[in-house]
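Next comes final27.cif, a file with mmCIF, C-alpha atoms.
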```cif
data_final
#
loop_
_atom_site.label_atom_id
_atom_site.label_comp_id
_atom_site.auth_asym_id
_atom_site.auth_seq_id
_atom_site.Cartn_x
_atom_site.Cartn_y
_atom_site.Cartn_z
CA MET A 1 0.00 0.00 0.00
CA THR A 2 1.38 3.43 -0.96
CA ARG A 3 1.36 6.31 1.46
CA ARG A 4 -1.48 8.12 -0.32
CA PRO A 5 -4.01 5.28 -0.11
CA LEU A 6 -3.06 4.80 3.54
CA PHE A 7 -3.62 8.48 4.17
CA LEU A 8 -6.91 8.37 2.30
CA SER A 9 -8.05 5.28 4.14
CA ILE A 10 -7.35 7.00 7.43
CA VAL A 11 -9.33 10.04 6.34
CA ILE A 12 -12.21 7.89 5.11
CA ILE A 13 -12.35 5.99 8.37
CA GLN A 14 -11.72 8.92 10.67
CA LEU A 15 -13.93 11.55 9.06
CA PRO A 16 -17.30 9.95 9.88
CA LEU A 17 -16.07 9.15 13.38
CA LEU A 18 -14.99 12.73 13.80
CA CYS A 19 -18.38 13.98 12.63
CA VAL A 20 -20.22 11.62 14.98
CA SER A 21 -17.93 12.61 17.82
CA THR A 22 -18.41 16.32 17.13
CA LEU A 23 -22.17 15.86 16.93
CA ALA A 24 -22.18 13.97 20.20
CA ARG A 25 -20.15 16.69 21.87
CA ALA A 26 -22.45 19.42 20.59
CA GLN A 27 -25.45 17.51 21.89
CA SER A 28 -24.01 16.64 25.29
CA ASP A 29 -26.81 15.90 27.72
CA GLY A 30 -24.63 16.29 30.79
CA SER A 31 -24.92 12.65 31.79
CA HIS A 32 -21.13 12.30 31.72
CA LEU A 33 -20.88 14.65 34.71
CA GLU A 34 -23.70 13.08 36.67
CA GLY A 35 -23.03 11.19 39.88
CA MET A 36 -20.94 11.47 43.02
CA TRP A 37 -17.51 13.09 43.15
CA SER A 38 -15.16 13.55 46.07
CA ASP A 39 -11.59 14.29 47.12
CA PRO A 40 -9.05 14.35 44.28
CA PRO A 41 -6.64 11.57 43.27
CA ARG A 42 -3.61 11.10 45.48
CA THR A 43 -1.09 12.90 43.33
CA LEU A 44 0.96 15.96 44.17
CA ALA A 45 -0.67 18.15 41.53
CA ASP A 46 -4.23 17.02 42.21
CA SER A 47 -3.78 17.27 45.96
CA GLN A 48 -2.75 20.90 45.56
CA CYS A 49 -6.23 21.37 44.11
CA TYR A 50 -7.91 19.65 47.07
CA VAL A 51 -9.70 22.90 47.81
CA TYR A 52 -8.51 25.20 45.04
CA CYS A 53 -5.34 25.89 43.10
CA THR A 54 -4.03 28.27 40.49
CA ASP A 55 -1.71 27.72 37.56
CA ALA A 56 0.78 30.04 39.28
CA GLY A 57 0.82 27.94 42.45
CA LEU A 58 1.06 24.65 40.57
CA SER A 59 3.94 25.92 38.44
CA ARG A 60 5.76 27.13 41.52
CA LEU A 61 5.38 23.75 43.22
CA GLU A 62 6.75 22.05 40.11
CA GLU A 63 9.79 24.34 40.20
CA LEU A 64 10.40 23.64 43.85
CA LEU A 65 10.07 19.88 43.40
CA ASP A 66 12.39 19.92 40.40
CA ASP A 67 15.14 21.77 42.27
CA PRO A 68 17.61 19.26 43.82
CA ALA A 69 18.38 21.83 46.51
CA ASN A 70 14.92 21.11 47.93
CA ASP A 71 15.21 17.33 48.03
CA ASP A 72 15.79 17.25 51.78
CA ARG A 73 13.15 19.79 52.66
CA PRO A 74 9.88 18.43 54.04
CA LEU A 75 7.09 18.33 51.51
CA ASN A 76 4.90 20.58 53.64
CA GLU A 77 7.53 23.31 53.42
CA LEU A 78 7.40 23.19 49.65
CA THR A 79 3.62 23.17 49.43
CA ARG A 80 3.51 26.05 51.90
CA ALA A 81 6.08 27.95 49.85
CA ALA A 82 4.05 27.36 46.68
CA GLY A 83 0.95 28.56 48.51
CA GLY A 84 2.78 31.67 49.66
CA TYR A 85 3.94 32.37 46.13
CA GLN A 86 0.40 31.99 44.87
CA ARG A 87 -0.88 34.34 47.53
CA GLU A 88 1.73 37.06 47.03
CA GLN A 89 2.41 36.83 43.30
CA TYR A 90 -0.98 35.88 41.92
CA PHE A 91 -3.74 36.97 44.30
CA ARG A 92 -2.47 40.01 46.17
CA PRO A 93 -1.62 42.12 43.08
CA ARG A 94 -5.19 41.57 41.90
CA PHE A 95 -6.83 42.82 45.09
CA THR A 96 -8.18 46.35 45.26
CA ALA A 97 -7.24 48.76 48.04
CA ALA A 98 -10.72 48.30 49.48
CA ALA A 99 -10.28 44.55 49.71
CA LEU A 100 -6.80 44.88 51.22
CA GLU A 101 -8.07 47.00 54.10
CA ASN A 102 -9.21 43.93 55.97
CA TYR A 103 -6.71 41.39 54.63
CA PRO A 104 -6.00 38.73 55.64
CA ARG A 105 -9.10 38.17 57.69
CA ASP A 106 -8.81 36.54 61.10
CA PRO A 107 -10.41 33.06 60.98
CA ALA A 108 -12.02 33.97 64.29
CA ASP A 109 -14.16 36.49 62.38
CA ASP A 110 -15.57 33.87 60.05
CA PRO A 111 -19.35 33.62 60.51
CA GLY A 112 -19.06 29.92 59.68
CA PHE A 113 -16.89 29.55 62.76
CA LEU A 114 -18.68 31.99 65.03
CA TYR A 115 -22.29 31.28 64.18
CA CYS A 116 -22.32 28.12 62.05
CA GLU A 117 -23.41 30.24 59.11
CA PRO A 118 -23.12 28.22 55.87
CA TRP A 119 -20.58 29.26 53.30
CA GLY A 120 -21.46 31.57 50.47
CA PHE A 121 -21.01 30.80 46.79
CA ALA A 122 -17.34 31.86 46.52
CA LYS A 123 -16.30 29.25 49.10
CA GLN A 124 -18.97 26.62 48.56
CA ILE A 125 -18.03 25.84 44.96
CA PHE A 126 -14.53 24.93 46.16
CA SER A 127 -15.63 22.99 49.23
CA PRO A 128 -13.80 19.71 49.78
CA HIS A 129 -15.29 16.22 49.86
CA GLN A 130 -18.54 15.21 48.21
CA LEU A 131 -20.20 16.88 45.24
CA GLU A 132 -23.23 15.17 43.73
CA ILE A 133 -24.42 16.29 40.31
CA ARG A 134 -27.90 15.43 39.06
CA HIS A 135 -29.05 16.42 35.61
CA PHE A 136 -32.62 17.22 34.58
CA ASP A 137 -34.04 18.53 31.31
CA ASP A 138 -34.23 22.12 32.48
CA ARG A 139 -31.72 22.25 35.32
CA ILE A 140 -28.80 20.73 37.18
CA GLU A 141 -28.93 20.09 40.90
CA MET A 142 -25.58 20.26 42.71
CA ARG A 143 -25.35 18.99 46.27
CA TYR A 144 -22.24 19.44 48.40
CA GLY A 145 -21.11 17.41 51.42
CA GLU A 146 -19.85 20.53 53.17
CA TRP A 147 -22.83 22.26 54.76
CA GLU A 148 -25.04 19.85 52.78
CA ALA A 149 -25.55 22.81 50.46
CA ARG A 150 -27.77 22.57 47.40
CA ARG A 151 -27.59 24.61 44.23
CA THR A 152 -29.82 24.80 41.19
CA VAL A 153 -28.35 25.69 37.81
CA TYR A 154 -31.00 26.49 35.22
CA LEU A 155 -30.35 25.23 31.72
CA ASP A 156 -33.21 27.04 29.99
CA GLY A 157 -31.56 30.43 30.25
CA ARG A 158 -34.19 31.90 32.52
CA ALA A 159 -33.26 35.21 34.09
CA ALA A 160 -33.51 35.87 37.79
CA PRO A 161 -36.88 37.34 38.82
CA ASP A 162 -36.92 41.14 38.91
CA ASP A 163 -37.26 41.14 42.67
CA TYR A 164 -34.51 38.53 43.24
CA ALA A 165 -32.31 39.75 46.08
CA PRO A 166 -28.64 38.72 46.21
CA SER A 167 -28.51 35.38 48.02
CA LEU A 168 -26.00 33.03 49.63
CA LEU A 169 -25.37 30.97 46.48
CA GLY A 170 -26.65 33.44 43.88
CA TRP A 171 -28.50 32.84 40.63
CA SER A 172 -26.93 30.39 38.19
CA VAL A 173 -27.64 29.55 34.57
CA GLY A 174 -25.73 26.96 32.58
CA HIS A 175 -25.18 25.59 29.11
CA TYR A 176 -22.88 23.11 27.39
CA GLU A 177 -20.04 23.90 25.07
CA GLY A 178 -19.30 20.45 23.74
CA ASP A 179 -18.80 18.36 26.86
CA THR A 180 -17.96 21.36 29.02
CA LEU A 181 -20.62 22.55 31.43
CA VAL A 182 -20.46 26.33 31.65
CA ILE A 183 -22.24 28.02 34.57
CA GLU A 184 -22.64 31.76 34.96
CA THR A 185 -23.53 33.07 38.40
CA SER A 186 -24.50 36.51 39.69
CA SER A 187 -26.68 38.02 42.45
CA VAL A 188 -24.44 36.62 45.17
CA ARG A 189 -24.66 38.34 48.55
CA GLY A 190 -21.37 39.83 49.74
CA ASN A 191 -19.41 37.24 51.71
CA LEU A 192 -15.99 35.63 52.20
CA THR A 193 -13.65 34.02 49.71
CA PHE A 194 -10.84 31.49 50.09
CA MET A 195 -8.40 34.17 48.95
CA GLY A 196 -8.53 35.89 52.34
CA ILE A 197 -10.63 38.82 51.16
CA GLU A 198 -14.32 39.54 51.15
CA HIS A 199 -16.33 40.02 47.97
CA SER A 200 -19.23 42.32 47.22
CA ASP A 201 -22.64 41.53 45.75
CA GLN A 202 -21.18 42.58 42.40
CA LEU A 203 -19.34 39.25 42.22
CA THR A 204 -19.80 37.30 39.02
CA ALA A 205 -18.40 33.90 38.18
CA VAL A 206 -18.03 31.61 35.21
CA GLU A 207 -17.45 27.97 36.13
CA ARG A 208 -16.32 25.46 33.54
CA TYR A 209 -16.64 21.75 34.44
CA THR A 210 -15.00 19.04 32.37
CA ARG A 211 -14.45 15.31 32.76
CA PRO A 212 -11.21 14.27 31.08
CA ASP A 213 -11.11 11.14 28.96
CA ASP A 214 -10.06 8.79 31.75
CA GLY A 215 -13.40 9.54 33.38
CA GLN A 216 -11.96 9.47 36.86
CA ARG A 217 -11.65 13.19 37.48
CA LEU A 218 -13.88 16.22 37.41
CA LEU A 219 -12.10 19.51 36.77
CA LEU A 220 -13.34 22.98 37.58
CA SER A 221 -11.88 26.19 36.24
CA ALA A 222 -13.69 29.17 37.76
CA THR A 223 -13.17 32.78 36.78
CA LEU A 224 -14.25 35.17 39.51
CA ASP A 225 -14.68 38.89 39.03
CA ASP A 226 -15.73 41.59 41.47
CA PRO A 227 -15.19 45.28 40.70
CA TRP A 228 -15.16 46.03 44.42
CA GLY A 229 -12.52 43.50 45.47
CA LEU A 230 -10.57 42.59 42.33
CA LYS A 231 -8.66 44.76 39.89
CA GLN A 232 -8.87 41.95 37.38
CA PRO A 233 -10.52 38.51 37.38
CA VAL A 234 -8.87 35.55 39.08
CA VAL A 235 -8.92 31.98 37.82
CA MET A 236 -9.16 29.28 40.48
CA LYS A 237 -9.19 25.56 39.76
CA LYS A 238 -10.27 22.43 41.57
CA VAL A 239 -10.20 18.65 41.10
CA TRP A 240 -12.55 15.92 42.30
CA SER A 241 -12.34 12.18 41.71
CA TRP A 242 -15.17 9.84 40.75
CA ALA A 243 -16.58 8.38 43.99
CA PRO A 244 -19.84 6.50 43.35
CA GLU A 245 -19.52 4.67 46.67
CA GLN A 246 -19.73 7.81 48.74
CA GLU A 247 -22.79 9.39 50.30
CA ILE A 248 -23.63 12.82 51.63
CA SER A 249 -24.36 12.59 55.32
CA PRO A 250 -26.51 14.94 57.42
CA TYR A 251 -24.91 18.18 58.48
CA GLU A 252 -26.78 18.77 61.64
CA ASP A 253 -24.42 19.11 64.57
CA CYS A 254 -22.67 22.42 64.04
CA LYS A 255 -22.15 24.19 67.34
CA PRO A 256 -20.70 27.68 67.79
CA PRO A 257 -17.37 27.61 69.64
CA THR A 258 -17.45 27.83 73.41
CA GLU A 259 -13.87 29.10 73.58
CA PHE A 260 -11.54 30.77 71.09
CA SER A 261 -8.95 33.48 70.82
CA ARG A 262 -8.32 36.17 68.26
CA ARG A 263 -5.11 36.20 66.24
CA GLU A 264 -3.54 39.11 68.12
CA ASP A 265 -4.15 37.36 71.43
CA ARG A 266 -2.42 34.12 70.51
CA PRO A 267 1.20 33.38 71.42
CA MET B 1 11.87 14.89 63.65
CA LYS B 2 11.09 11.26 62.88
CA PRO B 3 10.03 10.40 59.33
CA ARG B 4 6.58 9.41 60.47
CA GLN B 5 6.10 12.74 62.21
CA THR B 6 7.34 14.57 59.15
CA LEU B 7 4.86 12.71 56.99
CA LEU B 8 2.04 13.54 59.33
CA LEU B 9 3.01 17.17 59.55
CA GLY B 10 3.22 17.38 55.79
CA LEU B 11 -0.16 15.80 55.48
CA LEU B 12 -1.75 18.10 58.01
CA THR B 13 -0.34 21.17 56.35
CA LEU B 14 -1.23 20.10 52.86
CA ILE B 15 -4.64 18.69 53.48
CA SER B 16 -5.98 20.45 56.50
CA ALA B 17 -4.50 23.88 55.88
CA GLU B 18 -6.35 25.41 58.78
CA GLY B 19 -8.13 28.60 58.06
CA VAL B 20 -8.13 27.70 54.43
CA TYR B 21 -11.07 25.45 54.14
CA SER B 22 -12.13 24.01 57.47
CA HIS B 23 -15.72 25.11 57.98
CA HIS B 24 -14.80 25.57 61.60
CA ALA B 25 -11.42 27.27 61.70
CA ARG B 26 -9.19 25.47 64.19
CA SER B 27 -6.57 28.10 64.84
CA PRO B 28 -8.76 30.27 67.10
CA VAL B 29 -9.27 27.27 69.41
CA TYR B 30 -6.33 24.87 69.10
CA ASP B 31 -2.62 25.58 69.18
CA ALA B 32 -1.17 23.76 66.17
CA SER B 33 2.38 24.42 67.36
CA ARG B 34 1.96 22.13 70.38
CA SER B 35 0.96 18.51 70.89
CA VAL B 36 -0.14 16.65 73.99
CA THR B 37 -0.93 12.98 74.55
CA VAL B 38 -3.54 11.53 76.88
CA GLU B 39 -4.62 7.95 77.46
CA GLY B 40 -8.02 6.86 78.66
CA LEU B 41 -11.33 5.13 78.08
CA VAL B 42 -13.70 6.21 75.36
CA THR B 43 -17.08 7.19 76.80
CA GLU B 44 -18.64 8.57 73.63
CA PHE B 45 -18.00 8.77 69.89
CA ASN B 46 -20.18 11.17 67.94
CA PHE B 47 -19.74 10.48 64.24
CA TYR B 48 -21.27 13.74 63.09
CA ASN B 49 -20.84 16.67 60.75
CA PRO B 50 -19.22 19.09 60.62
CA HIS B 51 -16.82 17.61 63.20
CA ALA B 52 -16.77 14.32 65.03
CA MET B 53 -16.08 14.17 68.75
CA ILE B 54 -14.56 11.60 71.10
CA SER B 55 -15.15 11.88 74.83
CA LEU B 56 -12.43 10.33 76.92
CA ASP B 57 -12.13 9.58 80.64
CA VAL B 58 -8.51 10.19 81.62
CA THR B 59 -6.98 9.64 85.03
CA ASP B 60 -4.34 12.30 85.61
CA ASP B 61 -1.11 12.04 87.59
CA THR B 62 -2.88 12.86 90.84
CA GLY B 63 -5.45 10.12 90.34
CA LYS B 64 -8.19 12.56 89.46
CA LEU B 65 -10.61 11.68 86.64
CA VAL B 66 -10.60 14.28 83.86
CA LYS B 67 -13.07 14.24 80.98
CA TRP B 68 -11.42 15.17 77.70
CA SER B 69 -13.19 16.26 74.52
CA ILE B 70 -11.32 15.32 71.36
CA GLU B 71 -12.44 17.04 68.17
CA LEU B 72 -11.66 15.56 64.76
CA PRO B 73 -12.71 15.90 61.12
CA GLY B 74 -16.37 15.38 60.38
CA ARG B 75 -18.18 12.37 59.02
CA LEU B 76 -18.11 13.79 55.49
CA ASN B 77 -14.32 13.70 55.67
CA LEU B 78 -13.77 10.55 57.75
CA THR B 79 -15.95 8.37 55.51
CA VAL B 80 -13.60 9.15 52.63
CA GLY B 81 -11.00 7.23 54.64
CA GLY B 82 -13.35 4.38 55.42
CA TRP B 83 -14.34 5.38 58.94
CA THR B 84 -17.76 4.33 60.25
CA ASP B 85 -19.61 5.02 63.47
CA ASP B 86 -18.04 1.81 64.79
CA SER B 87 -14.46 2.95 64.16
CA VAL B 88 -14.16 4.05 67.78
CA THR B 89 -16.09 2.08 70.39
CA VAL B 90 -17.24 3.09 73.83
CA GLY B 91 -15.16 1.39 76.50
CA GLU B 92 -12.00 0.91 74.45
CA ARG B 93 -8.72 2.25 75.74
CA VAL B 94 -6.89 4.62 73.42
CA ALA B 95 -3.94 6.99 73.46
CA ILE B 96 -4.66 10.23 71.67
CA THR B 97 -2.21 12.89 70.58
CA GLY B 98 -3.42 16.26 69.45
CA ASN B 99 -3.22 20.04 69.53
CA PRO B 100 -4.35 21.43 72.90
CA THR B 101 -6.62 24.44 73.37
CA TYR B 102 -5.06 27.83 74.00
CA THR B 103 -7.04 28.13 77.22
CA GLY B 104 -5.68 24.93 78.73
CA SER B 105 -9.10 23.33 78.93
CA SER B 106 -9.28 19.54 78.58
CA GLY B 107 -9.85 19.58 74.84
CA MET B 108 -7.72 18.96 71.77
CA TRP B 109 -7.79 18.54 68.00
CA LEU B 110 -6.91 14.94 67.13
CA GLU B 111 -3.66 14.20 65.35
CA ARG B 112 -3.12 10.50 66.15
CA LEU B 113 -5.15 7.74 67.78
CA ILE B 114 -3.42 4.56 68.98
CA ARG B 115 -5.50 1.61 70.13
CA ALA B 116 -4.65 -0.58 73.11
CA ASP B 117 -3.12 -3.21 70.79
CA GLY B 118 -0.72 -0.62 69.42
CA SER B 119 -2.43 -0.21 66.05
CA GLU B 120 -3.15 3.25 64.75
CA LEU B 121 -6.54 4.37 63.53
CA LEU B 122 -5.45 6.43 60.58
CA LEU B 123 -7.03 9.70 59.66
CA PRO B 124 -8.19 9.89 56.03
CA GLY B 125 -5.30 11.99 54.82
CA THR B 126 -2.55 9.61 55.94
CA GLU B 127 -2.73 7.38 52.87
CA ARG B 128 -2.74 10.48 50.70
CA SER B 129 0.32 11.75 52.50
CA ASN B 130 2.12 8.45 51.96
CA ALA B 131 1.20 8.46 48.27
CA LEU B 132 2.50 11.99 47.84
CA GLU B 133 5.78 11.14 49.51
CA ASP B 134 6.11 8.09 47.22
CA GLU B 135 5.47 10.24 44.17
CA ARG B 136 8.04 12.74 45.34
CA ARG B 137 10.65 10.00 45.84
CA ARG B 138 9.95 8.64 42.35
CA ARG B 139 10.36 12.10 40.85
CA ILE B 140 13.72 12.50 42.55
CA GLU B 141 14.89 9.05 41.44
CA GLU B 142 13.82 9.67 37.85
CA ARG B 143 15.56 13.04 37.80
CA ASP B 144 18.72 11.56 39.26
CA GLN B 145 18.72 8.81 36.64
CA GLN B 146 18.40 11.35 33.84
CA ASN B 147 21.34 13.39 35.11
#
```
Can the structure in the file be given as structure tokens, please?
Amino acid sequence: MTRRPLFLSIVIIQLPLLCVSTLARAQSDGSHLEGMWSDPPRTLADSQCYVYCTDAGLSRLEELLDDPANDDRPLNELTRAAGGYQREQYFRPRFTAAALENYPRDPADDPGFLYCEPWGFAKQIFSPHQLEIRHFDDRIEMRYGEWEARRTVYLDGRAAPDDYAPSLLGWSVGHYEGDTLVIETSSVRGNLTFMGIEHSDQLTAVERYTRPDDGQRLLLSATLDDPWGLKQPVVMKKVWSWAPEQEISPYEDCKPPTEFSRREDRP
Amino acid sequence: MKPRQTLLLGLLTLISAEGVYSHHARSPVYDASRSVTVEGLVTEFNFYNPHAMISLDVTDDTGKLVKWSIELPGRLNLTVGGWTDDSVTVGERVAITGNPTYTGSSGMWLERLIRADGSELLLPGTERSNALEDERRRRIEERDQQN
């Protein structure tokens, strides 16, 4: 067989498959994301995204791990250093002066700690442990293990009612771009973020969920913007692993602390 | 520091990252820079969310009975590591190491639990920590072989 017939045979075989594949991607029904997800695979990179990660932080960790001078340093030192780099080189330059006024917040001021107040959107979407996704014709239901929070993402493009007041988890609409679930969220009540700053009710977010070909991981890339707190949008990522055996258990025993100290009062 | 302690510390820093994601920040209550160990009888194990709790009867050096409250990750986290509500049983004798409260009250955040037979009831992140250390060792070996 000459090279041209081989090339042609490949094209003839591959073209219909490509068309079918493209059609299938365009008509994704979301079933590939459905089910139970939980903590990420036990790899260095994925574990950095246990709660959230950034490309800057991941790259920095790679550099540190690749440097023989660090071979004898404990792993936690390197992950902490990568986290510090992420904080100072990626996040902090993007914070506005208003956001930096109360940065970093004392954990003792967190309403989740003080009053058992559930997390808002900007923390909930990165919460560790279980995430269950259920797909319906007109919506997606997302249920999180942390706080046993529930979210509805409308797929029919409906706008928030005129009288919709900013809420804990906001108003979310979604659509598919191929196999990628894209969710746009707004009308989120001002609250805390994992970046150490607060956000305003002007926060908007675009989440993109994908399931790579091995099927074992769910990836989130979320772009957050907030004219009050951010000079430019930030991109935060997260990884879950497929966990059909897991269940979401009741979240019913949160008690406010009976004793605690503020940061300035600790040794 | 012993390798095992280093592993655990690495795990705790990487996975628990207090103040980063814990729904209930630990740093305002527990001093992560210190560890204490107590031994006693389990009187209660509450396998709840957001945090589980072990109650322990401990006899101190003066012979006085002290009731300790040991806080640990919640059910949503522990089940990832295979824990059930039978993982700790009332009446069993355990040695528990953890971070004490700043106030000196008889409470701590659990770091390690050793049963009477010497076996350790591992927290969910320990296997992850071991896997990460293995991956790191492999990376170093592969790099050394290439050079």
* To do: Can you turn the PyMOL selection byres ((chain A and resi 120) around 9) into a concrete residue list for this file, as a list in words?
  =>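 When the PyMOL selection byres ((chain A and resi 120) around 9) is applied, the selected residues are Glu117, Pro118, Trp119, Phe121, Ala122, Lys123, Gln124, Ile125, Ser167, Leu168, Leu169, Gly170, Val188, Arg189, Gly190, Asn191, Leu192 and Thr193 of chain A.
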Would you export the selected residues with C-alpha atoms as a PDB file, in the frame of the given file, please?
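out.pdb, freshly written:
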```pdb
ATOM      1  CA  GLU A 117     -23.410  30.240  59.110  1.00  0.00           C
ATOM      2  CA  PRO A 118     -23.120  28.220  55.870  1.00  0.00           C
ATOM      3  CA  TRP A 119     -20.580  29.260  53.300  1.00  0.00           C
ATOM      4  CA  PHE A 121     -21.010  30.800  46.790  1.00  0.00           C
ATOM      5  CA  ALA A 122     -17.340  31.860  46.520  1.00  0.00           C
ATOM      6  CA  LYS A 123     -16.300  29.250  49.100  1.00  0.00           C
ATOM      7  CA  GLN A 124     -18.970  26.620  48.560  1.00  0.00           C
ATOM      8  CA  ILE A 125     -18.030  25.840  44.960  1.00  0.00           C
ATOM      9  CA  SER A 167     -28.510  35.380  48.020  1.00  0.00           C
ATOM     10  CA  LEU A 168     -26.000  33.030  49.630  1.00  0.00           C
ATOM     11  CA  LEU A 169     -25.370  30.970  46.480  1.00  0.00           C
ATOM     12  CA  GLY A 170     -26.650  33.440  43.880  1.00  0.00           C
ATOM     13  CA  VAL A 188     -24.440  36.620  45.170  1.00  0.00           C
ATOM     14  CA  ARG A 189     -24.660  38.340  48.550  1.00  0.00           C
ATOM     15  CA  GLY A 190     -21.370  39.830  49.740  1.00  0.00           C
ATOM     16  CA  ASN A 191     -19.410  37.240  51.710  1.00  0.00           C
ATOM     17  CA  LEU A 192     -15.990  35.630  52.200  1.00  0.00           C
ATOM     18  CA  THR A 193     -13.650  34.020  49.710  1.00  0.00           C
TER      19      THR A 193
END
```
List every residue of chain A that has an atom at most 8 Å from any atom of chain B, giving for each one its closest atom pair and the distance in Å to one decimal, counting all atoms listed in the file, sorted by chain and then by ascending residue number, as a Markdown table.
```
| residue | atom | partner | partner_atom | distance |
| --- | --- | --- | --- | --- |
| A:Asp39 | CA | B:Val80 | CA | 7.8 |
| A:Arg42 | CA | B:Arg128 | CA | 5.3 |
| A:Thr43 | CA | B:Leu132 | CA | 5.8 |
| A:Leu44 | CA | B:Leu132 | CA | 5.6 |
| A:Ser47 | CA | B:Ile15 | CA | 7.7 |
| A:Gln48 | CA | B:Leu14 | CA | 7.5 |
| A:Tyr50 | CA | B:Ile15 | CA | 7.3 |
| A:Val51 | CA | B:Tyr21 | CA | 7.0 |
| A:Leu65 | CA | B:Arg136 | CA | 7.7 |
| A:Asp66 | CA | B:Ile140 | CA | 7.8 |
| A:Pro68 | CA | B:Ile140 | CA | 7.9 |
| A:Asp71 | CA | B:Ile140 | CA | 7.5 |
| A:Pro74 | CA | B:Thr6 | CA | 6.9 |
| A:Leu75 | CA | B:Gly10 | CA | 5.8 |
| A:Asn76 | CA | B:Gly10 | CA | 4.2 |
| A:Glu77 | CA | B:Gly10 | CA | 7.7 |
| A:Thr79 | CA | B:Leu14 | CA | 6.7 |
| A:Arg80 | CA | B:Thr13 | CA | 7.6 |
| A:Pro107 | CA | B:Gly19 | CA | 5.8 |
| A:Ala108 | CA | B:Pro28 | CA | 5.7 |
| A:Asp110 | CA | B:Ala25 | CA | 8.0 |
| A:Gly112 | CA | B:His23 | CA | 6.1 |
| A:Phe113 | CA | B:His24 | CA | 4.6 |
| A:Cys116 | CA | B:His24 | CA | 8.0 |
| A:Trp119 | CA | B:His23 | CA | 7.9 |
| A:Ser127 | CA | B:Tyr21 | CA | 7.1 |
| A:Pro128 | CA | B:Tyr21 | CA | 7.7 |
| A:His129 | CA | B:Asn77 | CA | 6.4 |
| A:Gln130 | CA | B:Leu76 | CA | 7.4 |
| A:Gly145 | CA | B:Leu76 | CA | 6.2 |
| A:Glu146 | CA | B:Leu76 | CA | 7.3 |
| A:Trp147 | CA | B:Pro50 | CA | 7.6 |
| A:Phe194 | CA | B:Val20 | CA | 6.4 |
| A:Gln246 | CA | B:Val80 | CA | 7.4 |
| A:Ile248 | CA | B:Leu76 | CA | 6.8 |
| A:Ser249 | CA | B:Leu76 | CA | 6.4 |
| A:Pro250 | CA | B:Asn49 | CA | 6.8 |
| A:Tyr251 | CA | B:Asn49 | CA | 4.9 |
| A:Glu252 | CA | B:Asn49 | CA | 6.4 |
| A:Asp253 | CA | B:Asn49 | CA | 5.8 |
| A:Cys254 | CA | B:Pro50 | CA | 5.9 |
| A:Glu259 | CA | B:Val29 | CA | 6.5 |
| A:Phe260 | CA | B:Val29 | CA | 4.5 |
| A:Ser261 | CA | B:Pro28 | CA | 4.9 |
| A:Arg262 | CA | B:Pro28 | CA | 6.0 |
| A:Arg263 | CA | B:Pro28 | CA | 7.0 |
| A:Arg266 | CA | B:Tyr102 | CA | 7.7 |
```
* To do: Go through A:Ala45, A:Glu101, A:Asp179, A:Lys255 and flag the residue nearest Met53 of chain B, using all atoms listed in the file for the distances.
  =>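 Result for the nearest residue to Met53 of chain B: A:Lys255.
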* Find the residues near Arg151 of chain A: any atom within 8 Å, counting only C-alpha atoms, skip ones fewer than 6 places away on the same chain, and give them as a list in words. => Glu141, Met142, Arg143 and Leu169 of chain A
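Atom pair atom CA of Gln202 of chain A / atom CA of Thr96 of chain A has a distance of 13.8 Å (rounded to one decimal).
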* So what do you get for atom CA of Arg93 of chain B versus atom CA of Val38 of chain B, distance-wise? ->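 About the pair atom CA of Arg93 of chain B and atom CA of Val38 of chain B: they are 10.7 Å apart.
For the point (-23.1, 18.9, 38.5), the residues with an atom at a distance of at most 10 Å are Gly30, Ser31, His32, Leu33, Glu34, Gly35, Met36, Trp37, Leu131, Glu132, Ile133, Arg134, His135, Arg139, Ile140, Glu141, Met142, Arg143, Tyr144, Arg151, Thr152, Val153, Leu181, Ile183, Tyr209 and Leu218 of chain A, counting all atoms listed in the file.
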Would you mind putting N, CA and C atoms back on segment 154-160 of chain A and writing the result as a PDB file, keeping the file's coordinate frame?
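Result written to result.pdb:
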```pdb
ATOM      1  N   TYR A 154     -29.971  26.590  36.252  1.00  0.00           N
ATOM      2  CA  TYR A 154     -31.000  26.490  35.220  1.00  0.00           C
ATOM      3  C   TYR A 154     -30.373  26.384  33.842  1.00  0.00           C
ATOM      4  N   LEU A 155     -30.902  25.464  33.059  1.00  0.00           N
ATOM      5  CA  LEU A 155     -30.350  25.230  31.720  1.00  0.00           C
ATOM      6  C   LEU A 155     -31.189  25.865  30.624  1.00  0.00           C
ATOM      7  N   ASP A 156     -32.330  26.458  31.009  1.00  0.00           N
ATOM      8  CA  ASP A 156     -33.210  27.040  29.990  1.00  0.00           C
ATOM      9  C   ASP A 156     -32.991  28.536  29.824  1.00  0.00           C
ATOM     10  N   GLY A 157     -31.929  29.028  30.455  1.00  0.00           N
ATOM     11  CA  GLY A 157     -31.560  30.430  30.250  1.00  0.00           C
ATOM     12  C   GLY A 157     -32.422  31.432  30.985  1.00  0.00           C
ATOM     13  N   ARG A 158     -33.280  30.966  31.858  1.00  0.00           N
ATOM     14  CA  ARG A 158     -34.190  31.900  32.520  1.00  0.00           C
ATOM     15  C   ARG A 158     -33.410  32.921  33.362  1.00  0.00           C
ATOM     16  N   ALA A 159     -33.892  34.147  33.314  1.00  0.00           N
ATOM     17  CA  ALA A 159     -33.260  35.210  34.090  1.00  0.00           C
ATOM     18  C   ALA A 159     -33.798  35.182  35.509  1.00  0.00           C
ATOM     19  N   ALA A 160     -33.040  35.769  36.414  1.00  0.00           N
ATOM     20  CA  ALA A 160     -33.510  35.870  37.790  1.00  0.00           C
ATOM     21  C   ALA A 160     -34.753  36.765  37.827  1.00  0.00           C
TER      22      ALA A 160
END
```
